[in-house]
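Below is target30.csv, which holds CSV, N, CA and C atoms.
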chain,number,residue,atom,x,y,z
A,237,GLN,N,-27.5,20.1,-5.2
A,237,GLN,CA,-28.8,20.6,-5.4
A,237,GLN,C,-29.8,19.7,-4.8
A,238,VAL,N,-30.8,20.2,-4.0
A,238,VAL,CA,-31.7,19.4,-3.3
A,238,VAL,C,-32.8,18.9,-4.3
A,239,GLN,N,-33.1,17.6,-4.2
A,239,GLN,CA,-34.1,17.0,-5.1
A,239,GLN,C,-35.1,16.3,-4.3
A,240,LEU,N,-36.4,16.5,-4.6
A,240,LEU,CA,-37.5,15.8,-4.0
A,240,LEU,C,-37.7,14.5,-4.8
A,241,MET,N,-38.0,13.4,-4.1
A,241,MET,CA,-38.2,12.1,-4.8
A,241,MET,C,-39.6,11.9,-5.0
A,242,GLU,N,-40.1,11.9,-6.2
A,242,GLU,CA,-41.5,11.7,-6.6
A,242,GLU,C,-41.7,10.3,-7.2
A,243,SER,N,-42.9,9.7,-6.9
A,243,SER,CA,-43.2,8.5,-7.6
A,243,SER,C,-44.7,8.4,-7.7
A,244,GLY,N,-45.2,7.5,-8.6
A,244,GLY,CA,-46.6,7.4,-8.8
A,244,GLY,C,-47.1,8.0,-10.1
A,245,GLY,N,-48.4,8.2,-10.2
A,245,GLY,CA,-48.9,8.7,-11.5
A,245,GLY,C,-49.1,7.7,-12.5
A,246,GLY,N,-49.4,8.1,-13.8
A,246,GLY,CA,-49.6,7.2,-14.9
A,246,GLY,C,-50.9,7.4,-15.6
A,247,LEU,N,-51.4,6.4,-16.2
A,247,LEU,CA,-52.6,6.4,-17.0
A,247,LEU,C,-53.7,5.7,-16.3
A,248,VAL,N,-54.9,6.2,-16.2
A,248,VAL,CA,-56.0,5.6,-15.6
A,248,VAL,C,-57.3,6.0,-16.3
A,249,GLN,N,-58.3,5.1,-16.3
A,249,GLN,CA,-59.6,5.5,-16.9
A,249,GLN,C,-60.4,6.4,-15.9
A,250,PRO,N,-61.3,7.1,-16.5
A,250,PRO,CA,-62.2,8.0,-15.7
A,250,PRO,C,-62.9,7.1,-14.6
A,251,GLY,N,-62.9,7.7,-13.4
A,251,GLY,CA,-63.5,7.0,-12.2
A,251,GLY,C,-62.5,6.2,-11.5
A,252,GLY,N,-61.3,6.0,-12.0
A,252,GLY,CA,-60.3,5.2,-11.4
A,252,GLY,C,-59.5,6.0,-10.3
A,253,SER,N,-58.5,5.3,-9.8
A,253,SER,CA,-57.6,5.9,-8.7
A,253,SER,C,-56.2,5.8,-9.0
A,254,LEU,N,-55.4,6.7,-8.5
A,254,LEU,CA,-54.0,6.7,-8.6
A,254,LEU,C,-53.4,7.3,-7.3
A,255,SER,N,-52.2,7.1,-7.0
A,255,SER,CA,-51.5,7.7,-5.9
A,255,SER,C,-50.2,8.3,-6.2
A,256,LEU,N,-49.8,9.3,-5.5
A,256,LEU,CA,-48.5,10.0,-5.7
A,256,LEU,C,-47.8,10.0,-4.3
A,257,THR,N,-46.5,9.9,-4.4
A,257,THR,CA,-45.6,10.0,-3.2
A,257,THR,C,-44.5,11.0,-3.4
A,258,CYS,N,-44.2,11.7,-2.4
A,258,CYS,CA,-43.1,12.6,-2.5
A,258,CYS,C,-42.3,12.6,-1.2
A,259,THR,N,-41.0,12.4,-1.3
A,259,THR,CA,-40.1,12.4,-0.1
A,259,THR,C,-39.1,13.6,-0.2
A,260,ALA,N,-39.0,14.3,0.9
A,260,ALA,CA,-38.1,15.4,1.0
A,260,ALA,C,-36.9,15.0,1.9
A,261,PRO,N,-35.7,15.1,1.3
A,261,PRO,CA,-34.5,14.7,2.0
A,261,PRO,C,-34.2,15.5,3.2
A,262,GLY,N,-33.4,15.0,4.1
A,262,GLY,CA,-32.9,15.7,5.3
A,262,GLY,C,-34.1,16.2,6.2
A,263,ASN,N,-34.0,17.4,6.7
A,263,ASN,CA,-35.1,17.9,7.5
A,263,ASN,C,-36.0,18.9,6.8
A,264,LEU,N,-36.1,18.9,5.5
A,264,LEU,CA,-36.8,19.9,4.8
A,264,LEU,C,-38.3,20.0,5.2
A,265,PHE,N,-38.9,18.9,5.6
A,265,PHE,CA,-40.3,18.9,6.0
A,265,PHE,C,-40.5,19.5,7.4
A,266,SER,N,-39.5,19.6,8.2
A,266,SER,CA,-39.6,20.2,9.5
A,266,SER,C,-40.1,21.6,9.5
A,267,GLY,N,-41.2,21.9,10.1
A,267,GLY,CA,-41.8,23.3,10.1
A,267,GLY,C,-42.1,23.8,8.7
A,268,ALA,N,-42.4,22.9,7.8
A,268,ALA,CA,-42.7,23.3,6.4
A,268,ALA,C,-44.0,22.8,5.9
A,269,VAL,N,-44.3,23.1,4.7
A,269,VAL,CA,-45.6,22.6,4.0
A,269,VAL,C,-45.1,21.8,2.8
A,270,MET,N,-45.7,20.7,2.6
A,270,MET,CA,-45.4,19.8,1.5
A,270,MET,C,-46.7,19.5,0.7
A,271,GLY,N,-46.7,19.4,-0.6
A,271,GLY,CA,-47.9,19.1,-1.3
A,271,GLY,C,-47.7,19.0,-2.8
A,272,TRP,N,-48.8,19.1,-3.5
A,272,TRP,CA,-48.7,19.0,-4.9
A,272,TRP,C,-49.5,20.2,-5.6
A,273,TYR,N,-49.0,20.6,-6.7
A,273,TYR,CA,-49.6,21.5,-7.6
A,273,TYR,C,-49.6,20.8,-9.0
A,274,ARG,N,-50.5,21.3,-9.8
A,274,ARG,CA,-50.6,20.6,-11.1
A,274,ARG,C,-50.7,21.7,-12.2
A,275,GLN,N,-50.3,21.3,-13.4
A,275,GLN,CA,-50.4,22.2,-14.6
A,275,GLN,C,-50.7,21.4,-15.8
A,276,ALA,N,-51.9,21.7,-16.4
A,276,ALA,CA,-52.3,21.1,-17.6
A,276,ALA,C,-51.8,21.9,-18.8
A,277,PRO,N,-51.7,21.3,-20.0
A,277,PRO,CA,-51.2,22.0,-21.1
A,277,PRO,C,-51.9,23.3,-21.4
A,278,GLY,N,-51.2,24.3,-21.5
A,278,GLY,CA,-51.8,25.7,-21.7
A,278,GLY,C,-52.4,26.3,-20.5
A,279,GLY,N,-52.3,25.6,-19.4
A,279,GLY,CA,-52.9,26.2,-18.2
A,279,GLY,C,-51.9,26.7,-17.2
A,280,GLN,N,-52.4,27.3,-16.1
A,280,GLN,CA,-51.5,27.8,-15.1
A,280,GLN,C,-51.4,26.7,-14.0
A,281,ARG,N,-50.3,26.8,-13.2
A,281,ARG,CA,-50.1,25.9,-12.1
A,281,ARG,C,-51.1,26.2,-11.0
A,282,GLU,N,-51.8,25.1,-10.5
A,282,GLU,CA,-52.8,25.3,-9.5
A,282,GLU,C,-52.6,24.4,-8.4
A,283,LEU,N,-53.2,24.8,-7.2
A,283,LEU,CA,-53.1,24.0,-6.0
A,283,LEU,C,-53.9,22.7,-6.2
A,284,VAL,N,-53.3,21.6,-5.8
A,284,VAL,CA,-54.0,20.3,-5.6
A,284,VAL,C,-54.3,20.1,-4.1
A,285,ALA,N,-53.2,19.9,-3.4
A,285,ALA,CA,-53.3,19.7,-1.9
A,285,ALA,C,-52.0,19.9,-1.3
A,286,THR,N,-52.0,20.4,0.0
A,286,THR,CA,-50.8,20.6,0.8
A,286,THR,C,-51.1,20.1,2.2
A,287,ILE,N,-50.0,19.8,2.9
A,287,ILE,CA,-50.1,19.4,4.3
A,287,ILE,C,-48.9,20.0,5.0
A,288,THR,N,-49.2,20.4,6.2
A,288,THR,CA,-48.1,21.0,7.0
A,288,THR,C,-47.5,19.8,7.8
A,289,SER,N,-46.3,20.1,8.4
A,289,SER,CA,-45.7,19.1,9.2
A,289,SER,C,-46.5,18.8,10.5
A,290,GLY,N,-47.4,19.8,10.8
A,290,GLY,CA,-48.2,19.6,12.0
A,290,GLY,C,-49.5,18.9,11.6
A,291,GLY,N,-49.7,18.5,10.3
A,291,GLY,CA,-50.9,17.7,9.9
A,291,GLY,C,-52.0,18.5,9.4
A,292,THR,N,-51.9,19.8,9.2
A,292,THR,CA,-53.0,20.6,8.6
A,292,THR,C,-53.0,20.5,7.1
A,293,SER,N,-54.1,20.2,6.5
A,293,SER,CA,-54.2,20.0,5.1
A,293,SER,C,-55.1,21.1,4.4
A,294,ASP,N,-54.8,21.3,3.1
A,294,ASP,CA,-55.6,22.2,2.3
A,294,ASP,C,-55.7,21.6,1.0
A,295,TYR,N,-56.9,21.9,0.3
A,295,TYR,CA,-57.2,21.3,-1.0
A,295,TYR,C,-57.7,22.3,-2.0
A,296,GLY,N,-57.4,22.1,-3.2
A,296,GLY,CA,-58.0,22.9,-4.3
A,296,GLY,C,-59.4,22.5,-4.4
A,297,ARG,N,-60.3,23.5,-4.8
A,297,ARG,CA,-61.7,23.2,-4.9
A,297,ARG,C,-62.1,22.1,-5.8
A,298,SER,N,-61.3,22.0,-6.9
A,298,SER,CA,-61.7,21.0,-7.9
A,298,SER,C,-61.4,19.5,-7.5
A,299,VAL,N,-60.6,19.4,-6.4
A,299,VAL,CA,-60.3,18.0,-6.0
A,299,VAL,C,-60.9,17.7,-4.6
A,300,GLU,N,-61.4,18.7,-3.9
A,300,GLU,CA,-61.9,18.4,-2.6
A,300,GLU,C,-63.0,17.3,-2.6
A,301,GLY,N,-62.8,16.4,-1.7
A,301,GLY,CA,-63.8,15.3,-1.6
A,301,GLY,C,-63.4,14.1,-2.4
A,302,ARG,N,-62.4,14.3,-3.3
A,302,ARG,CA,-61.9,13.1,-4.1
A,302,ARG,C,-60.5,12.8,-3.8
A,303,PHE,N,-59.7,13.7,-3.5
A,303,PHE,CA,-58.3,13.5,-3.2
A,303,PHE,C,-58.0,13.6,-1.7
A,304,THR,N,-57.1,12.8,-1.2
A,304,THR,CA,-56.7,12.9,0.2
A,304,THR,C,-55.2,12.9,0.3
A,305,ILE,N,-54.7,13.9,1.1
A,305,ILE,CA,-53.3,14.0,1.3
A,305,ILE,C,-53.0,13.6,2.7
A,306,SER,N,-51.9,12.9,2.9
A,306,SER,CA,-51.4,12.5,4.2
A,306,SER,C,-49.9,12.6,4.3
A,307,ALA,N,-49.3,12.5,5.4
A,307,ALA,CA,-47.9,12.6,5.6
A,307,ALA,C,-47.4,11.7,6.7
A,308,ASN,N,-46.2,11.2,6.5
A,308,ASN,CA,-45.5,10.5,7.5
A,308,ASN,C,-44.2,11.3,7.8
A,309,ASN,N,-44.2,12.0,9.0
A,309,ASN,CA,-43.1,12.9,9.3
A,309,ASN,C,-41.8,12.1,9.4
A,310,ALA,N,-41.9,10.9,10.1
A,310,ALA,CA,-40.7,10.1,10.3
A,310,ALA,C,-40.0,9.7,8.9
A,311,LYS,N,-40.9,9.5,8.0
A,311,LYS,CA,-40.4,9.1,6.6
A,311,LYS,C,-40.2,10.3,5.7
A,312,LYS,N,-40.5,11.5,6.2
A,312,LYS,CA,-40.3,12.7,5.5
A,312,LYS,C,-41.1,12.6,4.1
A,313,THR,N,-42.2,12.0,4.2
A,313,THR,CA,-42.9,11.6,2.9
A,313,THR,C,-44.4,12.1,3.0
A,314,ALA,N,-44.9,12.6,1.9
A,314,ALA,CA,-46.3,13.0,1.7
A,314,ALA,C,-46.9,12.0,0.7
A,315,TYR,N,-48.2,11.8,0.9
A,315,TYR,CA,-48.9,10.8,0.0
A,315,TYR,C,-50.2,11.5,-0.5
A,316,LEU,N,-50.5,11.3,-1.8
A,316,LEU,CA,-51.7,11.9,-2.3
A,316,LEU,C,-52.5,10.7,-2.9
A,317,GLU,N,-53.6,10.4,-2.4
A,317,GLU,CA,-54.5,9.4,-2.9
A,317,GLU,C,-55.6,10.1,-3.7
A,318,MET,N,-55.7,9.8,-5.0
A,318,MET,CA,-56.6,10.4,-5.9
A,318,MET,C,-57.7,9.4,-6.4
A,319,ASN,N,-58.9,9.7,-6.0
A,319,ASN,CA,-60.0,8.8,-6.4
A,319,ASN,C,-61.0,9.5,-7.3
A,320,ASP,N,-61.8,8.7,-8.0
A,320,ASP,CA,-62.8,9.3,-8.9
A,320,ASP,C,-62.2,10.3,-9.8
A,321,LEU,N,-61.1,9.8,-10.5
A,321,LEU,CA,-60.4,10.7,-11.4
A,321,LEU,C,-61.2,11.1,-12.6
A,322,LYS,N,-61.1,12.3,-13.1
A,322,LYS,CA,-61.8,12.8,-14.2
A,322,LYS,C,-60.8,13.2,-15.3
A,323,PRO,N,-61.2,13.3,-16.5
A,323,PRO,CA,-60.3,13.7,-17.6
A,323,PRO,C,-59.7,15.1,-17.3
A,324,GLU,N,-60.4,16.0,-16.6
A,324,GLU,CA,-59.9,17.3,-16.3
A,324,GLU,C,-58.8,17.3,-15.3
A,325,ASP,N,-58.6,16.1,-14.6
A,325,ASP,CA,-57.5,16.0,-13.7
A,325,ASP,C,-56.1,15.7,-14.4
A,326,THR,N,-56.2,15.5,-15.7
A,326,THR,CA,-55.0,15.2,-16.5
A,326,THR,C,-54.1,16.4,-16.4
A,327,ALA,N,-52.8,16.2,-16.0
A,327,ALA,CA,-51.9,17.3,-15.9
A,327,ALA,C,-50.5,16.7,-15.4
A,328,VAL,N,-49.5,17.6,-15.4
A,328,VAL,CA,-48.3,17.2,-14.7
A,328,VAL,C,-48.4,17.7,-13.2
A,329,TYR,N,-48.2,16.8,-12.3
A,329,TYR,CA,-48.3,17.0,-10.9
A,329,TYR,C,-46.9,17.3,-10.3
A,330,TYR,N,-46.7,18.4,-9.7
A,330,TYR,CA,-45.4,18.8,-9.1
A,330,TYR,C,-45.5,18.8,-7.6
A,331,CYS,N,-44.5,18.1,-7.0
A,331,CYS,CA,-44.4,18.1,-5.6
A,331,CYS,C,-43.7,19.4,-5.2
A,332,ASN,N,-44.0,19.9,-4.1
A,332,ASN,CA,-43.4,21.2,-3.6
A,332,ASN,C,-43.3,21.1,-2.1
A,333,VAL,N,-42.2,21.6,-1.6
A,333,VAL,CA,-42.0,21.8,-0.1
A,333,VAL,C,-41.5,23.2,0.1
A,334,ARG,N,-42.1,23.9,1.0
A,334,ARG,CA,-41.7,25.3,1.2
A,334,ARG,C,-41.8,25.6,2.7
A,335,ARG,N,-40.9,26.5,3.1
A,335,ARG,CA,-40.8,26.9,4.5
A,335,ARG,C,-40.7,28.5,4.5
A,336,ARG,N,-41.5,29.1,5.3
A,336,ARG,CA,-41.6,30.6,5.3
A,336,ARG,C,-40.8,31.2,6.4
A,337,MET,N,-40.3,30.3,7.3
A,337,MET,CA,-39.5,30.8,8.4
A,337,MET,C,-38.1,30.4,8.1
A,338,THR,N,-37.1,31.2,8.7
A,338,THR,CA,-35.7,30.9,8.5
A,338,THR,C,-35.4,29.4,8.9
A,339,PRO,N,-34.7,28.6,8.1
A,339,PRO,CA,-34.3,28.9,6.7
A,339,PRO,C,-35.5,28.9,5.8
A,340,VAL,N,-35.6,29.8,4.9
A,340,VAL,CA,-36.7,29.9,4.0
A,340,VAL,C,-36.3,29.2,2.7
A,341,TYR,N,-37.2,28.4,2.2
A,341,TYR,CA,-37.0,27.7,0.9
A,341,TYR,C,-38.3,27.4,0.2
A,342,ASN,N,-38.2,27.1,-1.1
A,342,ASN,CA,-39.4,26.7,-1.9
A,342,ASN,C,-38.8,25.8,-3.0
A,343,ILE,N,-39.0,24.5,-2.8
A,343,ILE,CA,-38.4,23.5,-3.7
A,343,ILE,C,-39.4,22.8,-4.5
A,344,TRP,N,-39.2,22.6,-5.7
A,344,TRP,CA,-40.1,21.9,-6.6
A,344,TRP,C,-39.5,20.6,-7.1
A,345,GLY,N,-40.3,19.6,-7.2
A,345,GLY,CA,-39.9,18.3,-7.9
A,345,GLY,C,-40.0,18.5,-9.4
A,346,GLN,N,-39.6,17.4,-10.1
A,346,GLN,CA,-39.5,17.5,-11.5
A,346,GLN,C,-40.9,17.3,-12.2
A,347,GLY,N,-41.8,16.8,-11.4
A,347,GLY,CA,-43.2,16.5,-11.9
A,347,GLY,C,-43.4,15.1,-12.4
A,348,THR,N,-44.6,14.7,-12.3
A,348,THR,CA,-45.0,13.4,-12.8
A,348,THR,C,-46.4,13.5,-13.5
A,349,GLN,N,-46.5,12.8,-14.6
A,349,GLN,CA,-47.7,12.9,-15.5
A,349,GLN,C,-48.8,12.0,-14.9
A,350,VAL,N,-50.0,12.6,-14.9
A,350,VAL,CA,-51.2,11.9,-14.6
A,350,VAL,C,-52.1,12.1,-15.8
A,351,THR,N,-52.6,11.0,-16.4
A,351,THR,CA,-53.5,11.1,-17.5
A,351,THR,C,-54.7,10.3,-17.2
A,352,VAL,N,-55.9,10.9,-17.4
A,352,VAL,CA,-57.1,10.2,-17.2
A,352,VAL,C,-57.9,10.2,-18.5
A,353,SER,N,-58.0,9.0,-19.0
A,353,SER,CA,-58.5,8.9,-20.4
A,353,SER,C,-59.1,7.5,-20.6
A,354,SER,N,-60.1,7.4,-21.3
A,354,SER,CA,-60.7,6.0,-21.7
A,354,SER,C,-60.1,5.5,-23.0
Represent the structure contained in this file as structure tokens.
Amino acid sequence: QVQLMESGGGLVQPGGSLSLTCTAPGNLFSGAVMGWYRQAPGGQRELVATITSGGTSDYGRSVEGRFTISANNAKKTAYLEMNDLKPEDTAVYYCNVRRRMTPVYNIWGQGTQVTVSS
């Protein structure tokens, strides 16, 4: 079973910063989109940020201007820099890699907790 390797997250005070990293094994990132979605308790999973292997990024409205996603194709790794964190950013953040052309796949990481609290 394919597993994405996630790291980062933790506890930070409001206004602070955290970073997340996600690595996709093999050639999963080739021609694919990698990024993060988050889910707060009682809430639905929502887009945080994604980036294509060609470097095109997309952000959820609530994080735009505060979060930055980047990727290193050679390392098959995506990075999420989160700045000016707010309590409402508290959630489990899930890494995802998906490809809509053959071979098609949609793979989720196990998730990492981000808590913003004073």
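Taking CA of Phe265 in chain A as the reference point, CA of Thr304 in chain A is found at 18.4 Å.
In this comparison, which uses all atoms listed in the file, the residue of A:Ala327, A:Ser266, A:Asn319, A:Ile287 approaching Leu254 in chain A most closely is A:Asn319.
Candidate residues A:Pro323, A:Tyr329, A:Thr348, A:Arg336 were compared for distance to Gly252 in chain A, and the nearest is A:Pro323, using only C-alpha atoms.
With atom N of Leu316 in chain A on one side and CA of Thr338 in chain A on the other, the separation reads 26.6 Å.
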Subject >> Surrounding residues of range 341-344 of chain A excluding itself and chain neighbours under 3 positions, 8 Å, only N, CA and C atoms, as a PyMOL selection string >> reply: chain A and resi 238-241+330-338+347
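Nearest to Ala314 in chain A of all the residues A:Gly290, A:Gly296, A:Gly245, A:Gly271 is A:Gly271, based on only N, CA and C atoms.
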**OP:** Report as an MDAnalysis selection string: the residues of chain A with a DSSP assignment of strand (DSSP E or B), based on the backbone of this structure.
**Re:** chainID A and resid 241:244 246:248 254:259 269:275 282:288 293:295 303:308 313:318 327:335 341:344 348:352
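Picture a line from CA of Lys311 in chain A to atom N of Glu282 in chain A; it runs 26.0 Å.
Proximity of A:Ile305, A:Val269, A:Ala260, A:Met318 to Ala285 in chain A, computed with only C-alpha atoms, is greatest for A:Ile305.
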Original post:
Looking at A:Glu242, A:Ser253, A:Glu300, A:Pro277, which one is nearest to Gly345 in chain A, with distances taken over only N, CA and C atoms?
Top reply: A:Glu242
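Of the listed residues (A:Leu321, A:Val352, A:Val340, A:Met270), A:Met270 comes nearest to Ser289 in chain A; the distances count all atoms listed in the file.
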Subject >> Distance query 10 Å from (-53.2, 22.5, -21.5) using only C-alpha atoms, result as a ChimeraX atom specification >> reply: /A:275-280,324,326-328
